[in-house]
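**Student:** Have a look at this one.
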Amino acid sequence: MAPVRATKAKQDEEATLTEERHIHLSNPHLEKMKEDILYHFDLGTSTHDFPALFGDVKFVCVGGSPWRMKAFAQYITGELKLGDPKADIDNICAGTDRYAMYKVGPVLSISHGMGIPSISIMLHELIKLLYHSKCSDVIVIRIGTSGGIGIEPGSVVITSQSVNPCFKPEFEQIVLGKTVVRSTELDAELAQEFVKCSQEINEFNTLVGNTMCTLDFYEGQGRLDGAICLYTEEEKMQYLKAAYDAGIRNIEMESSVFAAMCNISGLKAAVVCVTILNRLEGDQITSSHDVLAEFQQRPQKLVGYFIKKHLAQTEL
């Protein structure tokens with residue numbers, strides 16, 4: 001059966017946005033529901049006043065680890081001078097152990113777990129949260145770690161497009177037994193804004209490149225150190241070098257569905273990931289804890305600077 005292709009142009013057409021970029025909810029069934037329960041957030045439209053709680057949100061930053069996203073919330077608290085960055089901060093999703101969510105002024109910081117299924121569930125509920133809250137002009141940014149290809153560890157990659165393991169800029173999903181293919185391009189103008197911000201910070205190497213999104217950490221990324229490996233080191237190196245030649249500069253496990261779902265919902269989105277190793281030189285992460293901790297702060301610094309700059313421009 002031939003796949004049903006939802007091109008970016010078609011998605012843009014479907015998302016018919018007004019001058020303000022409102023959330024486009026691609027589900028007519030929700031309008032017929034008396035209540036919408038965001039089960040994995042432990043939130044619901046009959047128990048929470050979404051516009052009062054989240055109506056001022058302009059930036060959503062998401063990342064895999066609950067601890068890391070709490071740390072980012074505390075960091076942005078200090079950067080925006082909205083309180084003591086060392087103070088504890090309430091987890092809005094404390095009633096569930098699936099995700100963690102923190103709000104600091106116009107910024108939401110949310111964990112999404114590891115891999116496409118986990119971030120997909122989070123995004124469904126996040127998009128509905130933003131829609132029910134009547135948010136507009138929201139920018140969603142994935143902050144994370146990744147494996148680099150042919151670049152120095154510690155480099156920050158701003159994703160131009162997410163590609164699948166066959167190097168195609170597509171996210172493929174089975175829906176009701178049919179294959180649906182959606183575009184995974186990301187906002188080019190937004191990517192260049194991050195490049196400019198990085199140049200102004202001038203503390204670490206930043207580049208724009210394609211990001212390969214895989215379904216797992218081991219075989220899907222061509223590692224030799226998993227429990228199962230039925231290919232040779234030579235085959236692995238040929239594959240990774242072909243990926244580099246295709247413009248791929250890092251590998252992770254969430255960007256494809258992130259880009260696809262943000263596109264179809266009319267959300268400006270970016271993926272900003274630091275690389276913690278160069279996969280052309282090895283598979284295992286050998287840097288010290290202190291080095292890795294400093295690497296992980298680099299996307300936070302860049303995104304924090306971007307948010308501060310945006311807010312300062314809107315106040316002019």
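By convention here, the chains of the structure tokens are called A, B, ... in the order presented, each chain's residues are numbered starting at 1, and ligands are numbered starting at 1 in the order presented.
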Per residue of segment 107-180 of chain A within 9 Å of segment 59-70 of chain A, what are the shortest atom pair and its distance in Å to one decimal, counting only C-alpha atoms, with rows by chain and residue number, as CSV?

**Tutor:**
```
residue,atom,partner,partner_atom,distance
A:Val107,CA,A:Phe59,CA,4.8
A:Leu108,CA,A:Val60,CA,4.7
A:Ser109,CA,A:Cys61,CA,4.9
A:Ile110,CA,A:Val62,CA,4.8
A:Ser111,CA,A:Gly63,CA,5.0
A:His112,CA,A:Gly64,CA,4.8
A:Gly113,CA,A:Gly64,CA,4.4
A:Met114,CA,A:Gly64,CA,5.7
A:Gly115,CA,A:Gly64,CA,8.6
A:Ile119,CA,A:Gly64,CA,8.2
A:Asp137,CA,A:Phe59,CA,8.7
A:Val138,CA,A:Phe59,CA,5.6
A:Ile139,CA,A:Phe59,CA,4.9
A:Val140,CA,A:Val60,CA,4.7
A:Ile141,CA,A:Cys61,CA,4.8
A:Arg142,CA,A:Val62,CA,4.8
A:Ile143,CA,A:Gly63,CA,5.1
A:Gly144,CA,A:Gly63,CA,5.6
A:Thr145,CA,A:Gly63,CA,8.9
```

**Student:** Please identify all polymer residues within 6 Å of segment 208-223 of chain A, counting only C-alpha atoms, omitting same-chain residues fewer than 4 positions from it, and present them as a ChimeraX atom specification.

**Tutor:** /A:157-164,236,247-253,255-256,283

**Student:** Could you name the residues that touch Leu130 of chain A at 12 Å or less, counting only C-alpha atoms, but leaving out those on the same chain fewer than 2 positions away, as a ChimeraX atom specification?

**Tutor:** /A:21-25,38,45,50-60,108,123-128,132-140,262,265-267

**Student:** So that I can see what lies close to segment 192-199 of chain A, please list as a list in words the residues with an atom at most 7 Å from it, counting only C-alpha atoms and leaving out residues fewer than 5 positions away in the same chain.

**Tutor:**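 That gives Thr206, Leu302, Tyr305 and Phe306 of chain A.
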
**Student:** Between atom CA of Lys241 of chain A and atom CA of Ile149 of chain A, what distance in Å does the model show, to one decimal?

**Tutor:**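 Going from atom CA of Lys241 of chain A over to atom CA of Ile149 of chain A, I get 8.1 Å.
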
**Student:** Mind checking which residues fall within 12 Å of Phe204 of chain A, counting only C-alpha atoms, ignoring those fewer than 3 positions away in the same chain, and posting them as a PyMOL selection string?

**Tutor:** chain A and resi 152-157+195+197-201+207+274-275+294-299+301-302

**Student:** Write the residues of the selection above to a file with C-alpha atoms, as a PDB file, in the first residue's frame.

**Tutor:**
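Writing done, so here's selection-v2.pdb:
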```pdb
ATOM      1  CA  GLU A 152      34.325  17.848  18.065  1.00  0.00           C
ATOM      2  CA  PRO A 153      32.529  16.728  21.256  1.00  0.00           C
ATOM      3  CA  GLY A 154      30.927  19.728  22.921  1.00  0.00           C
ATOM      4  CA  SER A 155      29.783  21.226  19.612  1.00  0.00           C
ATOM      5  CA  VAL A 156      26.180  22.430  19.559  1.00  0.00           C
ATOM      6  CA  VAL A 157      24.149  21.385  16.514  1.00  0.00           C
ATOM      7  CA  VAL A 195      23.347  30.858  15.025  1.00  0.00           C
ATOM      8  CA  CYS A 197      22.854  34.206  19.295  1.00  0.00           C
ATOM      9  CA  SER A 198      25.725  31.723  19.477  1.00  0.00           C
ATOM     10  CA  GLN A 199      28.019  34.150  17.663  1.00  0.00           C
ATOM     11  CA  GLU A 200      27.098  36.828  20.204  1.00  0.00           C
ATOM     12  CA  ILE A 201      27.801  34.476  23.120  1.00  0.00           C
ATOM     13  CA  LEU A 207      26.771  24.777  13.581  1.00  0.00           C
ATOM     14  CA  VAL A 274      25.167  19.296  22.187  1.00  0.00           C
ATOM     15  CA  THR A 275      27.336  16.422  20.973  1.00  0.00           C
ATOM     16  CA  GLU A 294      29.604  21.437  31.204  1.00  0.00           C
ATOM     17  CA  PHE A 295      28.665  20.191  27.717  1.00  0.00           C
ATOM     18  CA  GLN A 296      25.023  19.803  28.781  1.00  0.00           C
ATOM     19  CA  GLN A 297      24.916  23.408  29.946  1.00  0.00           C
ATOM     20  CA  ARG A 298      25.782  24.723  26.479  1.00  0.00           C
ATOM     21  CA  PRO A 299      22.317  24.285  24.877  1.00  0.00           C
ATOM     22  CA  LYS A 301      23.019  28.864  27.737  1.00  0.00           C
ATOM     23  CA  LEU A 302      22.193  29.313  24.066  1.00  0.00           C
TER      24      LEU A 302
END
```

**Student:** Can you pull out every residue within 9 Å of segment 308-312 of chain A, counting only C-alpha atoms, but drop anything in the same chain fewer than 5 positions away, and send it as a list in words?

**Tutor:**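 In the requested format, the answer is Ile76, Glu79, Leu80, Cys197 and Val303 of chain A.
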
**Student:** How would the residues just picked look written out with N, CA and C atoms as a compact mmCIF listing (two decimals), in the first residue's frame?

**Tutor:**
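Once everything was written out, this is selection_8.txt:
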```txt
# COMPACT_ATOMS: atom_id res chain seq x y z
N ILE A 76 16.74 29.43 33.95
CA ILE A 76 16.02 30.52 33.29
C ILE A 76 15.37 31.46 34.32
N GLU A 79 18.15 33.83 34.84
CA GLU A 79 18.42 34.63 33.64
C GLU A 79 17.36 35.70 33.43
N LEU A 80 16.11 35.39 33.75
CA LEU A 80 15.01 36.35 33.57
C LEU A 80 14.75 37.17 34.83
N CYS A 197 22.73 34.16 17.84
CA CYS A 197 22.85 34.21 19.29
C CYS A 197 24.15 33.54 19.74
N VAL A 303 19.90 28.67 24.54
CA VAL A 303 18.44 28.86 24.54
C VAL A 303 18.06 29.96 25.53
```

**Student:** When DSSP works through the backbone of this structure, what residues of segment 47-279 of chain A end up as alpha helix (DSSP H), shown as a PyMOL selection string?

**Tutor:** chain A and resi 50-54+66-79+116-132+188-201+233-245+255-264

**Student:** Could you pull the residues within 9 Å of Gly95 of chain A, counting only C-alpha atoms, minus those fewer than 6 positions along the same chain, as a PyMOL selection string?

**Tutor:** chain A and resi 41-43

**Student:** Could you turn the residues from that selection into a file that holds N, CA, C and O atoms, as a PDB file, in the first residue's frame?

**Tutor:**
```pdb
ATOM      1  N   PHE A  41      -0.032  14.221  31.977  1.00  0.00           N
ATOM      2  CA  PHE A  41       0.345  15.455  32.680  1.00  0.00           C
ATOM      3  C   PHE A  41      -0.400  15.593  34.003  1.00  0.00           C
ATOM      4  O   PHE A  41      -0.112  16.494  34.788  1.00  0.00           O
ATOM      5  N   ASP A  42      -1.418  14.741  34.225  1.00  0.00           N
ATOM      6  CA  ASP A  42      -2.276  14.861  35.405  1.00  0.00           C
ATOM      7  C   ASP A  42      -2.977  16.226  35.422  1.00  0.00           C
ATOM      8  O   ASP A  42      -3.068  16.884  36.457  1.00  0.00           O
ATOM      9  N   LEU A  43      -3.465  16.639  34.249  1.00  0.00           N
ATOM     10  CA  LEU A  43      -4.199  17.894  34.105  1.00  0.00           C
ATOM     11  C   LEU A  43      -5.485  17.622  33.327  1.00  0.00           C
ATOM     12  O   LEU A  43      -5.547  16.676  32.543  1.00  0.00           O
TER      13      LEU A  43
END
```

**Student:** Using atom CA of Ile276 of chain A and atom CA of Ile228 of chain A as the two end points, give the distance in Å to one decimal.

**Tutor:** 23.1 Å

**Student:** May I have all residues of segment 81-276 of chain A that DSSP, computed from the backbone, assigns to strand (DSSP E or B), given as an NGL selection string?

**Tutor:** :A and (101-104 or 107-111 or 136 or 139-148 or 156-163 or 170-175 or 178-183 or 185 or 206-213 or 248-252 or 268-276)

**Student:** What does the distance from atom CA of Glu233 of chain A to atom CA of Glu281 of chain A come to in Å, to one decimal?

**Tutor:**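 Atom-to-atom, atom CA of Glu233 of chain A and atom CA of Glu281 of chain A are spaced 11.7 Å apart.
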
**Student:** Ranking A:Leu240, A:Ile116, A:Leu190, A:Cys273 by minimum distance to Glu254 of chain A and counting only C-alpha atoms, which one comes first?

**Tutor:**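 Of the candidates, the smallest distance to Glu254 of chain A is held by A:Ile116.
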